[in-house]
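Peer 1: Pasting target20.cif here (mmCIF, C-alpha atoms):
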data_upload
loop_
_atom_site.label_atom_id
_atom_site.label_comp_id
_atom_site.auth_asym_id
_atom_site.auth_seq_id
_atom_site.Cartn_x
_atom_site.Cartn_y
_atom_site.Cartn_z
CA GLU A 1 0.00 0.00 0.00
CA GLU A 2 2.80 2.40 0.91
CA TYR A 3 4.64 1.81 -2.35
CA LEU A 4 1.52 2.06 -4.51
CA ASN A 5 -0.32 4.98 -2.92
CA GLY A 6 2.09 6.65 -0.52
CA ALA A 7 4.91 9.12 -1.12
CA TRP A 8 7.61 6.47 -1.55
CA ALA A 9 7.73 6.92 -5.32
CA HIS A 10 6.64 9.85 -7.44
CA VAL A 11 7.28 11.50 -10.77
CA THR A 12 10.01 14.14 -10.72
CA GLY A 13 11.52 16.36 -13.37
CA ARG A 14 15.08 15.81 -12.16
CA PRO A 15 16.99 13.50 -9.80
CA GLU A 16 16.38 14.23 -6.13
CA VAL A 17 18.87 13.90 -3.29
CA GLY A 18 18.09 10.67 -1.43
CA GLY A 19 16.36 9.25 -4.48
CA LEU A 20 17.42 6.41 -6.76
CA LEU A 21 18.41 6.42 -10.40
CA ALA A 22 17.99 3.20 -12.37
CA ARG A 23 20.01 2.54 -15.52
CA LEU A 24 17.77 2.69 -18.57
CA PRO A 25 18.14 -0.43 -20.74
CA ILE A 26 19.65 0.31 -24.14
CA GLU A 27 16.47 -1.03 -25.76
CA ALA A 28 14.47 1.62 -23.90
CA GLN A 29 17.02 4.26 -24.93
CA LEU A 30 16.31 3.58 -28.61
CA VAL A 31 12.55 3.64 -28.03
CA HIS A 32 12.92 6.99 -26.27
CA LEU A 33 15.00 8.34 -29.17
CA MET A 34 12.37 7.20 -31.66
CA ARG A 35 9.58 8.91 -29.74
CA GLU A 36 11.35 12.09 -28.64
CA ASP A 37 14.27 12.86 -30.98
CA ALA A 38 13.34 13.29 -34.63
CA LEU A 39 16.99 13.82 -35.61
CA SER A 40 18.31 10.62 -34.01
CA GLU A 41 19.77 8.12 -36.48
CA TRP A 42 18.89 5.11 -34.36
CA GLY A 43 15.47 6.49 -33.50
CA SER A 44 14.86 6.75 -37.25
CA ARG A 45 16.12 3.22 -37.86
CA LEU A 46 13.82 1.84 -35.19
CA SER A 47 10.94 3.78 -36.74
CA SER A 48 11.77 2.17 -40.10
CA ARG A 49 11.81 -1.26 -38.47
CA LEU A 50 8.38 -0.51 -37.02
CA GLU A 51 7.13 0.50 -40.46
CA GLU A 52 8.33 -2.81 -41.90
CA GLU A 53 6.50 -4.74 -39.17
CA ILE A 54 3.29 -2.79 -39.75
CA LYS A 55 3.27 -3.36 -43.51
CA LEU A 56 4.11 -7.01 -43.00
CA GLY A 57 1.16 -7.39 -40.63
CA GLU A 58 -1.35 -5.33 -42.62
CA GLY A 59 -0.44 -6.33 -46.15
CA ASP A 60 -0.67 -4.21 -49.30
CA ALA A 61 -4.44 -3.88 -49.07
CA ALA A 62 -4.36 -1.66 -45.98
CA SER A 63 -5.30 1.99 -46.42
CA GLU A 64 -3.05 4.82 -45.24
CA GLU A 65 -5.53 5.52 -42.45
CA GLN A 66 -5.29 1.92 -41.25
CA LEU A 67 -1.49 2.07 -41.38
CA GLU A 68 -1.44 5.30 -39.37
CA GLN A 69 -3.72 3.80 -36.72
CA ARG A 70 -1.41 0.81 -36.48
CA ARG A 71 1.67 3.09 -36.24
CA LYS A 72 0.18 4.88 -33.25
CA ALA A 73 -1.04 1.69 -31.57
CA TRP A 74 2.16 -0.30 -32.04
CA GLY A 75 4.48 2.65 -31.47
CA SER A 76 2.88 3.38 -28.10
CA ASN A 77 3.06 -0.28 -27.01
CA THR A 78 6.22 -0.18 -24.89
CA ALA A 79 6.54 -3.95 -24.50
CA PHE A 80 6.30 -4.46 -28.27
CA MET A 81 8.70 -1.62 -29.03
CA PHE A 82 11.18 -2.97 -26.48
CA LYS A 83 11.27 -6.30 -28.32
CA LEU A 84 11.57 -4.55 -31.67
CA SER A 85 14.43 -2.43 -30.35
CA LYS A 86 16.16 -5.48 -28.96
CA ALA A 87 15.93 -7.22 -32.34
CA LEU A 88 17.38 -4.17 -34.12
CA ILE A 89 20.32 -3.99 -31.71
CA THR A 90 21.01 -7.73 -31.84
CA ASP A 91 20.83 -7.85 -35.64
CA THR A 92 23.10 -4.83 -36.04
CA ILE A 93 25.75 -6.00 -33.58
CA SER A 94 25.73 -9.49 -35.11
CA GLU A 95 26.12 -8.10 -38.62
CA LEU A 96 29.00 -5.85 -37.59
CA ALA A 97 30.74 -8.72 -35.83
CA ALA A 98 30.31 -10.98 -38.87
CA GLN A 99 31.69 -8.32 -41.21
CA SER A 100 34.82 -7.88 -39.10
CA GLY A 101 35.53 -11.56 -38.48
CA GLY A 102 34.06 -11.68 -35.00
CA GLN A 103 35.86 -8.69 -33.48
CA ILE A 104 34.39 -5.21 -33.92
CA VAL A 105 36.95 -2.44 -34.47
CA LEU A 106 35.49 0.99 -33.73
CA GLN A 107 37.86 2.82 -36.07
CA ARG A 108 36.49 0.90 -39.04
CA LEU A 109 32.85 1.66 -38.36
CA LYS A 110 30.66 4.36 -39.81
CA PRO A 111 29.63 7.11 -37.33
CA ALA A 112 26.12 5.72 -36.78
CA GLU A 113 27.41 2.18 -36.25
CA ARG A 114 30.08 3.45 -33.86
CA GLU A 115 27.41 5.32 -31.91
CA LEU A 116 25.39 2.15 -31.35
CA VAL A 117 28.43 0.05 -30.39
CA GLU A 118 29.55 2.68 -27.88
CA MET A 119 26.03 2.87 -26.42
CA TYR A 120 25.99 -0.91 -26.17
CA ALA A 121 29.40 -1.03 -24.45
CA LYS A 122 28.38 1.62 -21.89
CA TYR A 123 25.19 -0.29 -21.20
CA GLN A 124 27.12 -3.51 -20.59
CA ASP A 125 29.40 -1.72 -18.12
CA ALA A 126 26.46 -0.27 -16.19
CA TRP A 127 23.95 -3.10 -16.64
CA GLN A 128 21.02 -2.77 -14.20
CA GLU A 129 22.93 -0.15 -12.25
CA VAL A 130 21.09 1.58 -9.40
CA LEU A 131 22.46 4.86 -8.05
CA LEU A 132 21.78 6.68 -4.79
CA VAL A 133 21.81 10.46 -5.30
CA LEU A 134 23.94 12.15 -2.62
CA HIS A 135 24.18 15.67 -4.05
CA ASP A 136 22.34 17.49 -6.80
CA SER A 137 23.39 20.53 -8.82
CA SER A 138 21.64 23.09 -6.60
CA ASN A 139 23.76 25.85 -5.09
CA GLY A 140 26.36 25.33 -7.78
CA ARG A 141 27.45 21.96 -6.42
CA LYS A 142 28.60 19.10 -8.56
CA PRO A 143 26.03 16.25 -8.68
CA VAL A 144 27.17 13.06 -6.96
CA ALA A 145 25.57 9.61 -7.11
CA VAL A 146 26.98 6.23 -6.12
CA ALA A 147 26.07 2.72 -7.25
CA ILE A 148 24.48 0.67 -4.48
CA ASN A 149 24.00 -2.64 -6.27
CA ARG A 150 27.62 -3.47 -7.09
CA PRO A 151 28.81 -5.13 -3.84
CA LEU A 152 32.48 -6.11 -3.77
CA ARG A 153 32.47 -7.84 -0.41
CA VAL A 154 30.66 -8.15 2.91
CA GLY A 155 32.67 -7.37 6.00
CA VAL A 156 35.75 -5.19 6.47
CA ASP A 157 39.18 -6.19 7.74
CA ALA A 158 42.18 -3.97 8.44
CA SER A 159 43.46 -3.96 4.85
CA ILE A 160 40.11 -2.98 3.36
CA ALA A 161 39.55 -0.42 6.12
CA SER A 162 42.91 1.14 5.26
CA ILE A 163 41.87 1.56 1.60
CA LEU A 164 38.48 2.98 2.55
CA LEU A 165 39.93 5.47 5.02
CA HIS A 166 43.16 6.50 3.34
CA GLY A 167 43.00 5.46 -0.30
CA ARG A 168 44.71 2.67 -2.18
CA ASP A 169 48.11 4.36 -2.52
CA ALA A 170 48.49 5.72 1.01
CA GLY A 171 51.89 5.14 2.55
CA GLN A 172 52.47 3.52 5.91
CA ASP A 173 53.15 6.91 7.49
CA ALA A 174 49.63 8.05 6.66
CA LEU A 175 47.94 5.10 8.40
CA ASP A 176 46.31 5.60 11.78
CA SER A 177 46.30 2.22 13.51
CA GLU A 178 43.91 3.35 16.23
CA LEU A 179 41.42 4.65 13.68
CA LEU A 180 41.69 1.42 11.68
CA LEU A 181 40.95 -0.65 14.77
CA ARG A 182 37.96 1.49 15.73
CA PHE A 183 36.60 1.30 12.18
CA VAL A 184 36.90 -2.49 12.00
CA LEU A 185 35.32 -2.96 15.43
CA ALA A 186 32.43 -0.64 14.55
CA PHE A 187 31.63 -1.82 11.04
CA GLY A 188 33.66 -4.94 10.34
CA ARG A 189 30.90 -7.53 10.38
CA ASP A 190 28.03 -5.54 8.94
CA ALA A 191 29.70 -3.22 6.44
CA VAL A 192 29.20 -3.88 2.75
CA VAL A 193 31.76 -2.46 0.33
CA TYR A 194 30.39 -1.35 -3.03
CA LEU A 195 32.03 -0.27 -6.25
CA GLY A 196 30.36 3.12 -6.30
CA GLY A 197 31.46 3.99 -9.82
CA PRO A 198 34.44 4.18 -12.19
CA ASN A 199 35.83 7.49 -10.90
CA ARG A 200 38.37 8.07 -8.12
CA VAL A 201 38.71 4.37 -7.32
CA ASP A 202 42.17 4.98 -5.80
CA GLN A 203 40.82 7.61 -3.39
CA PRO A 204 39.36 7.07 0.11
CA GLY A 205 35.89 5.59 0.10
CA ARG A 206 32.63 7.38 0.76
CA MET A 207 30.72 6.12 3.78
CA VAL A 208 26.92 6.01 3.56
CA HIS A 209 25.24 4.91 6.79
CA GLY A 210 22.27 5.28 9.10
CA PHE A 211 23.95 6.52 12.29
CA GLU A 212 22.74 10.03 13.13
CA GLU A 213 24.88 10.20 16.26
CA LEU A 214 28.13 9.50 14.43
CA GLU A 215 30.50 12.45 14.62
CA GLY A 216 30.52 14.38 11.35
CA ALA A 217 27.40 12.62 10.02
CA ARG A 218 25.36 14.67 7.55
CA GLU A 219 21.87 13.65 6.50
CA ILE A 220 21.84 13.77 2.70
CA ALA A 221 18.24 15.01 2.64
CA ALA A 222 15.79 15.77 5.44
CA GLY A 223 13.78 12.79 6.57
CA THR A 224 15.74 10.15 4.64
CA GLY A 225 17.67 8.76 7.61
CA ILE A 226 20.63 8.34 5.26
CA TYR A 227 23.91 9.92 6.32
CA GLU A 228 27.38 10.32 4.89
#
Translate this file's structure into structure tokens.
Peer 2:
Amino acid sequence: EEYLNGAWAHVTGRPEVGGLLARLPIEAQLVHLMREDALSEWGSRLSSRLEEEIKLGEGDAASEEQLEQRRKAWGSNTAFMFKLSKALITDTISELAAQSGGQIVLQRLKPAERELVEMYAKYQDAWQEVLLVLHDSSNGRKPVAVAINRPLRVGVDASIASILLHGRDAGQDALDSELLLRFVLAFGRDAVVYLGGPNRVDQPGRMVHGFEELEGAREIAAGTGIYE
């Protein structure tokens, strides 16, 4: 009931601090381009694929009015368009791989083909990624979001605590043994270490927790109970 009718989820024009961002599947990206971007090459190609499906289903006897009705009906059917988009992507990637002997070389591709391959590669790297928004762009700040569904390990020992607190390349002189011990004792069993994203992986980690009383804790947004 809370999730369906409460304030847990709602439509918003931009990402909100304390909210979640879910990675859009590449199939949905192409559907969005077809519906919203008239200048998009891959939106146009998906539209052409839709046209082929419509004519195949209606036959030559269909009037232009019937075809237009089918365009609107099929084009607004997200489940159908998702499958059509998936087929277009799969066919294109397979054809490119076959043409290049199984290994696609970006430098040999046409701009439109390169665009799709790069979109596909980015999607593979961030497949089903879910991000927690920690900062937005208000007040001139740089937006920050971290992935919360890429767990690396459960539990923290001294070596992992050292990386989280001081960074991967910190020298022995920079280590605080007392702080390491306190960190391991406080969070060792229950902490989960996530790969928050591809940037600054050699820097100290960012701690997201639910302890209001922890010194230096800052609630990311009022009422969330999420602190960093």
Peer 1: Any chance you could resolve the PyMOL selection byres ((chain A and resi 211) around 12) against this file and give the residues as a list of chain:residue names?
Peer 2: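 The output of the PyMOL selection byres ((chain A and resi 211) around 12) on this file is A:Ala186, A:Phe187, A:Met207, A:Val208, A:His209, A:Gly210, A:Glu212, A:Glu213, A:Leu214, A:Glu215, A:Gly216, A:Ala217, A:Arg218, A:Glu219, A:Thr224, A:Gly225, A:Ile226, A:Tyr227, A:Glu228.
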Peer 1: Could you give me, as a list in words, the residues within 9 Å of A:Ile163, counting all atoms listed in the file and dropping anything in the same chain fewer than 6 positions from it?
Peer 2: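 So the residues in contact are Asp169, Ala170, Asp202, Gln203, Pro204 and Gly205 of chain A.
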Peer 1: Could you write out as a list of chain:residue names the residues that the PyMOL selection byres ((chain A and resi 86-102) around 10) matches in the shown file?
Peer 2: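 On the file shown, the PyMOL selection byres ((chain A and resi 86-102) around 10) covers A:Pro25, A:Ile26, A:Glu27, A:Ala28, A:Leu30, A:Val31, A:Trp42, A:Arg45, A:Leu46, A:Arg49, A:Phe80, A:Met81, A:Phe82, A:Lys83, A:Leu84, A:Ser85, A:Gln103, A:Ile104, A:Val105, A:Arg108, A:Leu109, A:Glu113, A:Leu116, A:Val117, A:Tyr120.
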Peer 1: Atom CA of A:Ser137 and atom CA of A:Leu20 are how many Å apart?
Peer 2: 15.5 Å
Peer 1: Would you mind listing what lies within 8 Å of A:Leu132 as an MDAnalysis selection string, with all atoms listed in the file counted and same-chain residues fewer than 3 positions away left out?
Peer 2: chainID A and resid 17:21 145:148
Peer 1: So the first atom is atom CA of A:Leu181 and the second is atom CA of A:Val144; what is the distance between them in Å, to one decimal place?
Peer 2: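 Taking atom CA of A:Leu181 as the start and atom CA of A:Val144 as the end point, the length is 29.2 Å.
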Peer 1: What does the distance from atom CA of A:Gly196 to atom CA of A:Leu106 come to in Å, to one decimal?
Peer 2: 28.0 Å
